[in-house]
Each structure stands twice: as C-alpha cells, then as structure tokens.
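Below: entry.cif (mmCIF, C-alpha atoms)
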data_model
loop_
_atom_site.group_PDB
_atom_site.id
_atom_site.type_symbol
_atom_site.label_atom_id
_atom_site.label_comp_id
_atom_site.auth_asym_id
_atom_site.auth_seq_id
_atom_site.Cartn_x
_atom_site.Cartn_y
_atom_site.Cartn_z
ATOM 1 C CA MET A 288 -18.687 195.389 95.241
ATOM 2 C CA SER A 289 -17.795 192.252 96.547
ATOM 3 C CA GLN A 290 -16.702 189.398 94.272
ATOM 4 C CA SER A 291 -17.369 185.906 95.077
ATOM 5 C CA TYR A 292 -14.626 183.478 95.419
ATOM 6 C CA ASP A 293 -16.130 181.201 92.819
ATOM 7 C CA ASP A 294 -15.515 183.721 90.065
ATOM 8 C CA GLN A 295 -11.681 183.921 90.708
ATOM 9 C CA PRO A 296 -9.454 181.657 88.594
ATOM 10 C CA ASP A 297 -8.062 178.637 90.257
ATOM 11 C CA THR A 298 -4.326 179.099 90.198
ATOM 12 C CA ASP A 299 -3.617 175.779 91.703
ATOM 13 C CA ALA A 300 -5.279 173.881 88.890
ATOM 14 C CA PRO A 301 -2.903 171.943 86.698
ATOM 15 C CA ALA A 302 -2.014 173.225 83.278
ATOM 16 C CA THR A 303 -4.129 172.100 80.469
ATOM 17 C CA GLU A 304 -2.431 169.169 78.708
ATOM 18 C CA ALA A 305 -1.899 169.365 74.981
ATOM 19 C CA PRO A 306 -4.140 167.329 72.834
ATOM 20 C CA ALA A 307 -2.893 163.837 72.131
ATOM 21 C CA ASP A 308 -2.926 164.339 68.411
ATOM 22 C CA GLU A 309 -0.512 167.270 68.476
ATOM 23 C CA THR A 310 2.879 166.766 66.765
ATOM 24 C CA PRO A 311 5.533 165.716 69.240
ATOM 25 C CA VAL A 312 8.573 167.891 69.756
ATOM 26 C CA ALA A 313 11.306 166.968 67.351
ATOM 27 C CA GLU A 314 14.562 165.679 68.761
ATOM 28 C CA PRO A 315 17.682 167.756 68.228
ATOM 29 C CA ALA A 316 19.280 167.263 64.841
ATOM 30 C CA SER A 317 22.660 166.854 66.402
ATOM 31 C CA ALA A 318 21.860 163.425 67.766
ATOM 32 C CA PRO A 319 21.605 161.617 64.398
ATOM 33 C CA ASP A 320 24.543 163.618 63.140
ATOM 34 C CA ALA A 321 26.551 162.515 66.132
ATOM 35 C CA ILE A 322 25.502 158.937 65.584
ATOM 36 C CA GLU A 323 26.431 159.129 61.908
ATOM 37 C CA ALA A 324 29.753 160.879 62.599
ATOM 38 C CA THR A 325 30.943 158.335 65.104
ATOM 39 C CA PRO A 326 31.824 155.638 62.493
ATOM 40 C CA ALA A 327 33.715 158.190 60.396
ATOM 41 C CA ASP A 328 35.598 159.395 63.413
ATOM 42 C CA GLU A 329 36.416 155.854 64.393
ATOM 43 C CA ALA A 330 37.528 155.107 60.844
ATOM 44 C CA ALA A 331 39.695 158.188 60.859
ATOM 45 C CA GLU A 332 41.150 157.222 64.199
ATOM 46 C CA VAL A 333 41.818 153.711 62.905
ATOM 47 C CA ALA A 334 43.174 154.993 59.577
ATOM 48 C CA GLU A 335 45.646 157.376 61.153
ATOM 49 C CA PRO A 336 47.592 154.771 63.130
ATOM 50 C CA THR A 337 47.428 152.409 60.142
ATOM 51 C CA ALA A 338 49.122 154.979 57.921
ATOM 52 C CA ASP A 339 51.800 155.550 60.554
ATOM 53 C CA ASP A 340 52.345 151.820 60.879
ATOM 54 C CA GLU A 341 52.668 151.483 57.124
ATOM 55 C CA THR A 342 55.224 154.320 57.091
ATOM 56 C CA ASP A 343 57.206 152.688 59.876
ATOM 57 C CA ASP A 344 57.067 149.343 58.099
ATOM 58 C CA ALA A 345 58.190 150.962 54.865
ATOM 59 C CA GLU A 346 61.069 152.680 56.621
ATOM 60 C CA GLY A 347 62.014 149.413 58.313
ATOM 61 C CA ASP A 348 61.946 147.586 54.967
ATOM 62 C CA VAL A 349 64.123 150.283 53.387
ATOM 63 C CA ALA A 350 66.597 150.110 56.274
ATOM 64 C CA THR A 351 66.733 146.312 55.956
ATOM 65 C CA GLU A 352 67.324 146.545 52.209
ATOM 66 C CA VAL A 353 70.088 149.124 52.755
ATOM 67 C CA GLU A 354 71.786 146.920 55.335
ATOM 68 C CA ALA A 355 71.549 143.895 53.031
ATOM 69 C CA ALA A 356 72.922 145.888 50.108
ATOM 70 C CA THR A 357 75.785 147.155 52.280
ATOM 71 C CA ALA A 358 76.624 143.625 53.409
ATOM 72 C CA GLU A 359 76.576 142.404 49.810
ATOM 73 C CA ALA A 360 78.789 145.316 48.754
ATOM 74 C CA ASP A 361 81.287 144.408 51.465
ATOM 75 C CA GLU A 362 81.354 140.800 50.338
ATOM 76 C CA VAL A 363 81.447 141.448 46.596
ATOM 77 C CA PRO A 364 85.066 142.732 46.286
ATOM 78 C CA GLU A 365 86.456 139.632 47.976
ATOM 79 C CA THR A 366 84.694 137.239 45.627
ATOM 80 C CA SER A 367 84.501 139.338 42.500
ATOM 81 C CA ALA A 368 88.162 140.351 42.376
ATOM 82 C CA ALA A 369 89.211 136.848 41.363
ATOM 83 C CA ASP A 370 86.202 136.542 39.053
ATOM 84 C CA GLU A 371 86.975 139.822 37.294
ATOM 85 C CA ALA A 372 90.596 138.815 36.926
ATOM 86 C CA GLY A 373 89.459 135.493 35.466
ATOM 87 C CA GLU A 374 92.385 133.716 37.097
ATOM 88 C CA PRO A 375 92.592 131.491 40.170
ATOM 89 C CA ALA A 376 94.670 132.597 43.134
ATOM 90 C CA ALA A 377 98.347 131.963 42.582
ATOM 91 C CA ALA A 378 99.480 128.769 44.279
ATOM 92 C CA ASP A 379 102.568 128.668 46.449
ATOM 93 C CA PRO A 380 105.279 126.888 44.404
ATOM 94 C CA LEU A 381 107.054 125.685 47.539
ATOM 95 C CA GLU A 382 103.868 124.135 48.918
ATOM 96 C CA GLU A 383 103.226 122.391 45.601
ATOM 97 C CA PHE A 384 106.810 121.143 45.626
ATOM 98 C CA ARG A 385 106.403 119.757 49.164
ATOM 99 C CA GLU A 386 103.209 117.961 48.174
ATOM 100 C CA SER A 387 104.930 116.403 45.160
ATOM 101 C CA LEU A 388 107.809 115.210 47.349
ATOM 102 C CA ARG A 389 105.392 113.520 49.752
ATOM 103 C CA SER A 390 103.454 111.834 46.981
ATOM 104 C CA LYS A 391 106.426 110.390 45.091
ATOM 105 C CA PRO A 392 107.496 106.810 45.814
ATOM 106 C CA GLY A 393 110.927 105.832 47.088
ATOM 107 C CA ASP A 394 113.518 107.473 49.332
ATOM 108 C CA TRP A 395 116.189 110.041 48.520
ATOM 109 C CA PHE A 396 119.843 109.075 48.782
ATOM 110 C CA VAL A 397 123.030 111.042 48.183
ATOM 111 C CA VAL A 398 125.607 109.516 45.858
ATOM 112 C CA HIS A 399 129.192 110.739 45.863
ATOM 113 C CA THR A 400 130.902 111.238 42.483
ATOM 114 C CA TYR A 401 134.130 112.600 41.131
ATOM 115 C CA SER A 402 134.142 116.379 41.093
ATOM 116 C CA GLY A 403 132.862 117.794 37.836
ATOM 117 C CA MET A 404 131.329 114.459 36.801
ATOM 118 C CA GLU A 405 127.844 115.007 38.241
ATOM 119 C CA ASN A 406 126.011 115.368 34.919
ATOM 120 C CA ARG A 407 127.851 112.430 33.383
ATOM 121 C CA VAL A 408 126.952 110.231 36.351
ATOM 122 C CA LYS A 409 123.319 111.277 35.966
ATOM 123 C CA ALA A 410 123.307 110.281 32.283
ATOM 124 C CA ASN A 411 125.128 106.997 32.926
ATOM 125 C CA LEU A 412 122.822 105.999 35.786
ATOM 126 C CA GLU A 413 119.702 106.743 33.745
ATOM 127 C CA ASN A 414 121.044 104.561 30.926
ATOM 128 C CA ARG A 415 121.882 101.730 33.340
ATOM 129 C CA THR A 416 118.417 101.965 34.890
ATOM 130 C CA THR A 417 116.863 101.362 31.480
ATOM 131 C CA SER A 418 119.276 98.656 30.371
ATOM 132 C CA LEU A 419 118.995 96.737 33.680
ATOM 133 C CA ASN A 420 115.180 97.094 33.816
ATOM 134 C CA MET A 421 115.383 98.901 37.155
ATOM 135 C CA GLU A 422 112.717 101.512 36.411
ATOM 136 C CA ASP A 423 110.523 100.139 39.205
ATOM 137 C CA TYR A 424 113.296 100.698 41.772
ATOM 138 C CA ILE A 425 115.331 103.672 40.564
ATOM 139 C CA HIS A 426 112.837 106.480 39.968
ATOM 140 C CA GLU A 427 114.737 109.743 39.563
ATOM 141 C CA VAL A 428 118.262 111.164 39.364
ATOM 142 C CA ILE A 429 118.852 114.874 40.030
ATOM 143 C CA VAL A 430 121.900 117.098 39.989
ATOM 144 C CA PRO A 431 120.969 120.143 42.133
ATOM 145 C CA THR A 432 121.845 123.297 40.205
ATOM 146 C CA GLU A 433 121.149 127.010 40.429
ATOM 147 C CA GLU A 434 121.356 129.844 37.935
ATOM 148 C CA VAL A 435 123.682 132.671 38.936
ATOM 149 C CA ALA A 436 124.830 135.893 37.322
ATOM 150 C CA GLU A 437 128.571 135.684 36.793
ATOM 151 C CA ILE A 438 130.756 138.713 36.156
ATOM 152 C CA LYS A 439 133.850 137.853 34.168
ATOM 153 C CA ASN A 440 136.113 140.266 32.299
ATOM 154 C CA GLY A 441 133.673 143.034 33.141
ATOM 155 C CA GLN A 442 130.749 141.254 31.476
ATOM 156 C CA ARG A 443 127.705 139.818 33.210
ATOM 157 C CA LYS A 444 126.215 136.530 32.013
ATOM 158 C CA LEU A 445 123.946 133.824 33.408
ATOM 159 C CA VAL A 446 125.513 130.465 34.147
ATOM 160 C CA LYS A 447 124.302 127.277 35.808
ATOM 161 C CA ARG A 448 126.238 126.148 38.835
ATOM 162 C CA THR A 449 126.068 122.887 40.761
ATOM 163 C CA VAL A 450 124.716 123.443 44.238
ATOM 164 C CA LEU A 451 126.492 120.374 45.643
ATOM 165 C CA PRO A 452 129.679 119.791 43.666
ATOM 166 C CA GLY A 453 130.575 116.091 43.696
ATOM 167 C CA TYR A 454 127.105 114.859 44.728
ATOM 168 C CA VAL A 455 124.000 113.514 42.990
ATOM 169 C CA LEU A 456 120.542 112.867 44.471
ATOM 170 C CA VAL A 457 118.840 109.560 43.635
ATOM 171 C CA ARG A 458 115.215 108.693 44.471
ATOM 172 C CA MET A 459 114.975 104.924 44.698
ATOM 173 C CA ASP A 460 113.686 101.911 46.551
ATOM 174 C CA LEU A 461 116.772 100.441 48.149
ATOM 175 C CA THR A 462 117.334 96.758 47.345
ATOM 176 C CA ASP A 463 120.470 94.752 46.702
ATOM 177 C CA GLU A 464 119.924 95.041 42.961
ATOM 178 C CA SER A 465 119.207 98.757 42.947
ATOM 179 C CA TRP A 466 122.128 99.428 45.294
ATOM 180 C CA SER A 467 124.451 97.512 42.952
ATOM 181 C CA ALA A 468 123.136 99.342 39.873
ATOM 182 C CA VAL A 469 123.905 102.716 41.437
ATOM 183 C CA ARG A 470 127.155 101.796 43.132
ATOM 184 C CA HIS A 471 128.743 100.335 40.006
ATOM 185 C CA THR A 472 127.880 103.257 37.755
ATOM 186 C CA PRO A 473 131.063 104.766 36.263
ATOM 187 C CA SER A 474 132.445 107.792 38.202
ATOM 188 C CA VAL A 475 130.412 106.913 41.329
ATOM 189 C CA THR A 476 132.530 106.471 44.443
ATOM 190 C CA GLY A 477 129.738 105.312 46.756
ATOM 191 C CA PHE A 478 126.727 106.304 48.835
ATOM 192 C CA VAL A 479 127.057 109.000 51.480
ATOM 193 C CA GLY A 480 126.869 107.381 54.922
ATOM 194 C CA HIS A 481 127.131 103.669 55.476
ATOM 195 C CA SER A 482 128.445 102.128 52.281
ATOM 196 C CA HIS A 483 126.056 99.133 52.204
ATOM 197 C CA GLN A 484 123.145 100.479 54.280
ATOM 198 C CA PRO A 485 122.894 104.179 53.432
ATOM 199 C CA VAL A 486 120.468 106.339 55.394
ATOM 200 C CA PRO A 487 117.874 108.191 53.278
ATOM 201 C CA LEU A 488 117.487 111.941 53.471
ATOM 202 C CA SER A 489 114.548 113.533 55.214
ATOM 203 C CA LEU A 490 112.068 115.516 53.130
ATOM 204 C CA SER A 491 113.219 118.750 54.753
ATOM 205 C CA GLU A 492 116.806 118.040 53.679
ATOM 206 C CA VAL A 493 115.707 117.306 50.131
ATOM 207 C CA GLU A 494 113.641 120.471 50.088
ATOM 208 C CA SER A 495 116.569 122.611 51.228
ATOM 209 C CA MET A 496 118.664 121.257 48.339
ATOM 210 C CA LEU A 497 116.072 121.499 45.565
ATOM 211 C CA ALA A 498 113.817 124.373 46.659
ATOM 212 C CA PRO A 499 116.082 127.241 45.443
ATOM 213 C CA ALA A 500 115.798 126.019 41.858
ATOM 214 C CA VAL A 501 112.009 125.652 42.199
ATOM 215 C CA VAL A 502 111.652 129.201 43.548
ATOM 216 C CA ALA A 503 113.882 130.629 40.817
ATOM 217 C CA GLU A 504 111.816 128.929 38.115
ATOM 218 C CA ALA A 505 108.577 130.191 39.663
ATOM 219 C CA GLU A 506 109.876 133.767 39.842
ATOM 220 C CA ALA A 507 111.083 133.643 36.256
ATOM 221 C CA ALA A 508 107.702 132.340 35.076
ATOM 222 C CA ALA A 509 105.651 134.787 37.168
ATOM 223 C CA PRO A 510 103.212 136.850 35.040
ATOM 224 C CA GLU A 511 104.226 140.066 36.826
ATOM 225 C CA ALA A 512 107.881 139.568 35.954
ATOM 226 C CA ALA A 513 107.035 138.701 32.351
ATOM 227 C CA ALA A 514 104.771 141.740 32.002
ATOM 228 C CA SER A 515 107.257 144.181 33.495
ATOM 229 C CA GLY A 516 110.228 142.660 31.714
ATOM 230 C CA ALA A 517 112.282 142.891 34.913
ATOM 231 C CA PRO A 518 114.706 139.980 35.320
ATOM 232 C CA ALA A 519 114.314 137.782 38.359
ATOM 233 C CA LYS A 520 116.795 138.532 41.110
ATOM 234 C CA ARG A 521 119.614 135.986 41.064
ATOM 235 C CA LYS A 522 122.745 135.395 43.006
ATOM 236 C CA THR A 523 125.707 137.261 41.541
ATOM 237 C CA GLU A 524 129.246 135.944 41.551
ATOM 238 C CA VAL A 525 132.520 137.521 40.488
ATOM 239 C CA ALA A 526 134.899 135.261 38.620
ATOM 240 C CA ASP A 527 137.740 137.744 38.225
ATOM 241 C CA PHE A 528 138.454 138.619 41.870
ATOM 242 C CA ASN A 529 138.236 137.135 45.340
ATOM 243 C CA VAL A 530 138.594 138.601 48.802
ATOM 244 C CA SER A 531 142.282 138.886 49.882
ATOM 245 C CA ASP A 532 143.487 138.993 46.263
ATOM 246 C CA SER A 533 146.353 141.363 45.518
ATOM 247 C CA VAL A 534 145.553 143.660 42.611
ATOM 248 C CA MET A 535 147.114 146.557 40.755
ATOM 249 C CA VAL A 536 145.246 149.858 40.466
ATOM 250 C CA VAL A 537 145.339 150.821 36.778
ATOM 251 C CA ASP A 538 143.123 153.902 36.735
ATOM 252 C CA GLY A 539 142.284 156.856 38.938
ATOM 253 C CA PRO A 540 144.313 158.786 41.516
ATOM 254 C CA PHE A 541 145.796 155.577 42.959
ATOM 255 C CA ALA A 542 147.070 154.231 39.642
ATOM 256 C CA THR A 543 150.229 152.061 39.782
ATOM 257 C CA LEU A 544 149.660 151.273 43.473
ATOM 258 C CA HIS A 545 149.075 147.785 44.831
ATOM 259 C CA ALA A 546 145.941 147.015 46.801
ATOM 260 C CA THR A 547 144.454 144.124 48.730
ATOM 261 C CA ILE A 548 140.744 143.414 48.283
ATOM 262 C CA THR A 549 138.760 143.323 51.512
ATOM 263 C CA GLU A 550 135.185 143.328 50.197
ATOM 264 C CA ILE A 551 133.454 142.719 46.866
ATOM 265 C CA ASN A 552 130.048 144.121 45.869
ATOM 266 C CA ALA A 553 129.009 142.189 42.786
ATOM 267 C CA ASP A 554 125.787 144.146 42.263
ATOM 268 C CA THR A 555 127.538 147.516 41.951
ATOM 269 C CA GLN A 556 130.739 145.980 40.502
ATOM 270 C CA ARG A 557 132.923 147.732 43.042
ATOM 271 C CA VAL A 558 135.457 146.586 45.645
ATOM 272 C CA LYS A 559 136.839 147.896 48.884
ATOM 273 C CA ALA A 560 140.587 147.563 49.142
ATOM 274 C CA LEU A 561 143.547 148.647 51.226
ATOM 275 C CA VAL A 562 146.072 150.786 49.382
ATOM 276 C CA GLU A 563 149.451 151.577 50.932
ATOM 277 C CA ILE A 564 150.020 155.345 50.920
ATOM 278 C CA PHE A 565 153.089 156.814 52.653
ATOM 279 C CA GLY A 566 153.663 153.570 54.498
ATOM 280 C CA ARG A 567 150.083 153.290 55.764
ATOM 281 C CA GLU A 568 147.239 151.129 54.500
ATOM 282 C CA THR A 569 144.329 153.333 53.487
ATOM 283 C CA PRO A 570 140.880 151.927 52.685
ATOM 284 C CA VAL A 571 139.598 152.987 49.267
ATOM 285 C CA GLU A 572 136.694 152.037 47.018
ATOM 286 C CA LEU A 573 137.405 151.106 43.425
ATOM 287 C CA SER A 574 135.418 149.836 40.459
ATOM 288 C CA PHE A 575 136.212 146.606 38.667
ATOM 289 C CA SER A 576 137.570 148.546 35.724
ATOM 290 C CA GLN A 577 140.135 150.324 37.907
ATOM 291 C CA ILE A 578 141.921 147.204 39.120
ATOM 292 C CA GLN A 579 143.736 144.299 37.555
ATOM 293 C CA LYS A 580 144.685 141.015 39.125
ATOM 294 C CA VAL A 581 148.400 140.635 39.651
#
What would you get if you wrote out this structure as structure tokens?
Amino acid sequence: MSQSYDDQPDTDAPATEAPADETPVAEPASAPDAIEATPADEAAEVAEPTADDETDDAEGDVATEVEAATAEADEVPETSAADEAGEPAAADPLEEFRESLRSKPGDWFVVHTYSGMENRVKANLENRTTSLNMEDYIHEVIVPTEEVAEIKNGQRKLVKRTVLPGYVLVRMDLTDESWSAVRHTPSVTGFVGHSHQPVPLSLSEVESMLAPAVVAEAEAAAPEAAASGAPAKRKTEVADFNVSDSVMVVDGPFATLHATITEINADTQRVKALVEIFGRETPVELSFSQIQKV
C-alpha cells in the first residue's frame, strides 16, 4: 500500500524551540566560586611574600643589633678599664718635669763652690736673696743629689750623694745686682764659664742633671711599689773597696794570700781578684766577708 509523501515526517524541519517561560540553564557553580576564591588567593600570594619580607627584616635587625653590640663590647674595655679602676692614667713624671722647666721664669746657671760646701752655699744664697730683696731675680737654688745604696763594713744603707760635687744650680734673671748677690756669697768661687757674662744652661742640660732625682722619687712613690713593698732599684756603691785595691784573703781556701781586686759586684757583694798561686796570678771570686783591705 502506497504511502503518500505528505504523511512522512519532515526531518529537515528545525527542532521545536523551548517555550520562552522555561527556566534557563543554570551556570556552573564553579564560576562564582572561582570569582570568590581569586581575592583569597591573591591575599595569600600577597601575604606569603610579606611574611618572608618581615622575617628577612627581622633577621637584618638582629644582625645589626649583634654587630652594634659587638662594636660596643670592643670599645667598652678601653674606656671602662680606667673607669673601673677609678684612677686617671698615670702621667709621665719626666714629661711633667719638662713642662715645669719650660714654664718657670729665669735661666739656669752653674755656680762653682768649694768641695763639700754645696749645701752651705745653698743656704747662704737663699738667706742673701731674702735679705737683699732679690726674690724677683733669684728664683731657685738646687744642689743636685741622688740616693744610693752604700755598702760599708758589710752593711747596706741608703745615703744621699751630690751628683755634681763642687757645683750648685741657680735659676735667676741675670742682672748686675743678681750677679753680685750670687758671686759674693761665702764659699762661692764664681760662675762656670765667663766670669762676668756666664752662659745659661740649656733645658736638656738641666734635665740631665735633675731628672735622675725626679725619676727616683716617682718610682719610690709609685702605688705598685708601695703595694708590693719592693724597694725601688737604686745605684749601689761600695765604700770599703775599689778596683785595683790590694787586699788580704782572710777566709776560705786562699786564706792568708794577697789579692788584687779586678771587678766589684755591689749587688751580690762579691769581687773578682787575682791571687798569686805558685808564682802565677789566678783569677778567683770572693765575697766581701772573705777579704780585708791591707
């Protein structure tokens, strides 16, 4: 039975459109989520480098503080040592002495005296300076002395010796009146140099004459020496013997023999001498107690 073509469905006809009032297809849920997540992700991305930066800054601050503390620690001992001690740095006595020499008025002259009369000349000149009203011209009179350890009769004792026997130092402004006051002091024989126009000493010459006494006084007054009780080192002299003296050995294996002193050690109180044995001079070492001056 034949079928008409009108009864067959039209396959080429377009699909029936949905009614306009039907609910539209919902968009995927991931889109809003993605939109909402983007600020959080950006915040996280921003927060992460910020935390790292803060850590780096904190580490940098700590390193800076450590370096500053180290620098302060290096500087503290230099400044705090004197503060903890509570005492200023010890001044150089020689430098102080030089400064005092430069600041004092007048020039230094050397006056010749009779030997052994140095202290008497000093006293007489000071009295004349006062009686003649010469204080403005004659400022100071010094007899250079030093303290030495003398060994005599086997005993050690401290004595003061004149550094320049027969001489006195005078600091003065040279005028006719001041020259006359010094020159006519009893036991003074004159100025060293030209008699009427003496040449003053240089400061270095004055320092070489007076500095030993200044150093000895400073060493004796040093706190370290006072605390330890150790005596300051002084020059030692022997009054009983001299080099080339002939002595008699009174003790030991060379007793009754004569000897000639060749060297003296005052610190150990011993001598080196030549003793004649079997016609030959033999060097020996003896103590002070083993010999006696002939």
Specify as a PyMOL selection string each residue included when the PyMOL selection byres ((chain A and resi 460-463) around 8) is applied to this file. chain A and resi 392-394+424-425+458-459+464-467
Looking at all atoms listed in the file, which of A:Arg407, A:Leu490, A:Thr555, A:Gly477 is the one that sits closest to Lys391 (chain A)?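 When distances to Lys391 (chain A) are compared using all atoms listed in the file, the smallest one comes from A:Leu490.
Residue selection for this entry, given the PyMOL selection byres ((chain A and resi 523) around 7), comprises Val435, Ala436, Glu437, Arg521, Lys522, Glu524, Val525, Ala553 and Asp554 of chain A.
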Can those selected residues be exported to a file as a PDB file, keeping the file's coordinate frame so that it contains C-alpha atoms?
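Writing the result to part_24.pdb gives the following:
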ATOM      1  CA  VAL A 435     123.682 132.671  38.936  1.00  0.00           C
ATOM      2  CA  ALA A 436     124.830 135.893  37.322  1.00  0.00           C
ATOM      3  CA  GLU A 437     128.571 135.684  36.793  1.00  0.00           C
ATOM      4  CA  ARG A 521     119.614 135.986  41.064  1.00  0.00           C
ATOM      5  CA  LYS A 522     122.745 135.395  43.006  1.00  0.00           C
ATOM      6  CA  GLU A 524     129.246 135.944  41.551  1.00  0.00           C
ATOM      7  CA  VAL A 525     132.520 137.521  40.488  1.00  0.00           C
ATOM      8  CA  ALA A 553     129.009 142.189  42.786  1.00  0.00           C
ATOM      9  CA  ASP A 554     125.787 144.146  42.263  1.00  0.00           C
TER      10      ASP A 554
END
Computed interatomic separation between CA of Glu422 (chain A) and CA of Tyr401 (chain A) (Å): 24.6 Å
Go through A:Glu413, A:Glu386, A:Glu433, A:Glu427 one by one, measure the shortest atom-to-atom distance of each to Val502 (chain A) using only C-alpha atoms, and give the residue with the smallest value. A:Glu433
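For the choices A:Thr449, A:Ser576, A:Ser531, A:Thr400, the atom-to-atom distance to Thr476 (chain A) is smallest for A:Thr400 when using only C-alpha atoms.
For the file at hand, the PyMOL selection byres ((chain A and resi 478) around 7) resolves to Val397, Val398, His399, Gly477, Val479, Gly480, Ser482 and Pro485 of chain A.
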Okay, now the selection with C-alpha atoms, as a tab-separated table (two decimals), in the frame of the given file?
chain	number	residue	atom	x	y	z
A	397	VAL	CA	123.03	111.04	48.18
A	398	VAL	CA	125.61	109.52	45.86
A	399	HIS	CA	129.19	110.74	45.86
A	477	GLY	CA	129.74	105.31	46.76
A	479	VAL	CA	127.06	109.00	51.48
A	480	GLY	CA	126.87	107.38	54.92
A	482	SER	CA	128.44	102.13	52.28
A	485	PRO	CA	122.89	104.18	53.43
In terms of the shortest atom-to-atom distance over all atoms listed in the file, which of A:Ala505, A:Leu445, A:Leu456, A:Leu419 is closest to Ala468 (chain A)?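 That would be A:Leu419, the residue with the smallest distance to Ala468 (chain A).
With only C-alpha atoms taken into account, the protein and nucleic acid residues at most 7 Å from Leu488 (chain A) (excluding it and anything under 5 positions from it in its own chain) are Trp395, Phe396 and Val493 of chain A.
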Listed atoms of region 472-484 of chain A boxed axis-aligned with 8 Å per side, centre + edges as JSON:
{"center_x": 127.8, "center_y": 104.1, "center_z": 45.9, "size_x": 25.4, "size_y": 25.9, "size_z": 35.2}
Might you pull out every residue within 10 Å of region 561-575 of chain A, with all atoms listed in the file counted and same-chain residues fewer than 6 positions away left off, and present them as a PyMOL selection string? chain A and resi 438+440-441+525+527-528+531+533-536+538-539+541+544-553+555
File of the preceding selection, C-alpha atoms, as a JSON list (two decimals), in the coordinates of the input:
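Contents of the output file result_21.json:
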[["chain", "number", "residue", "atom", "x", "y", "z"],
["A", 438, "ILE", "CA", 130.76, 138.71, 36.16],
["A", 440, "ASN", "CA", 136.11, 140.27, 32.30],
["A", 441, "GLY", "CA", 133.67, 143.03, 33.14],
["A", 525, "VAL", "CA", 132.52, 137.52, 40.49],
["A", 527, "ASP", "CA", 137.74, 137.74, 38.22],
["A", 528, "PHE", "CA", 138.45, 138.62, 41.87],
["A", 531, "SER", "CA", 142.28, 138.89, 49.88],
["A", 533, "SER", "CA", 146.35, 141.36, 45.52],
["A", 534, "VAL", "CA", 145.55, 143.66, 42.61],
["A", 535, "MET", "CA", 147.11, 146.56, 40.76],
["A", 536, "VAL", "CA", 145.25, 149.86, 40.47],
["A", 538, "ASP", "CA", 143.12, 153.90, 36.74],
["A", 539, "GLY", "CA", 142.28, 156.86, 38.94],
["A", 541, "PHE", "CA", 145.80, 155.58, 42.96],
["A", 544, "LEU", "CA", 149.66, 151.27, 43.47],
["A", 545, "HIS", "CA", 149.07, 147.78, 44.83],
["A", 546, "ALA", "CA", 145.94, 147.01, 46.80],
["A", 547, "THR", "CA", 144.45, 144.12, 48.73],
["A", 548, "ILE", "CA", 140.74, 143.41, 48.28],
["A", 549, "THR", "CA", 138.76, 143.32, 51.51],
["A", 550, "GLU", "CA", 135.18, 143.33, 50.20],
["A", 551, "ILE", "CA", 133.45, 142.72, 46.87],
["A", 552, "ASN", "CA", 130.05, 144.12, 45.87],
["A", 553, "ALA", "CA", 129.01, 142.19, 42.79],
["A", 555, "THR", "CA", 127.54, 147.52, 41.95]]
Using all atoms listed in the file, which of A:Glu504, A:Val581, A:Ala410, A:Arg415 sits nearest Val430 (chain A)?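 Under the stated criterion, the closest residue is A:Ala410.
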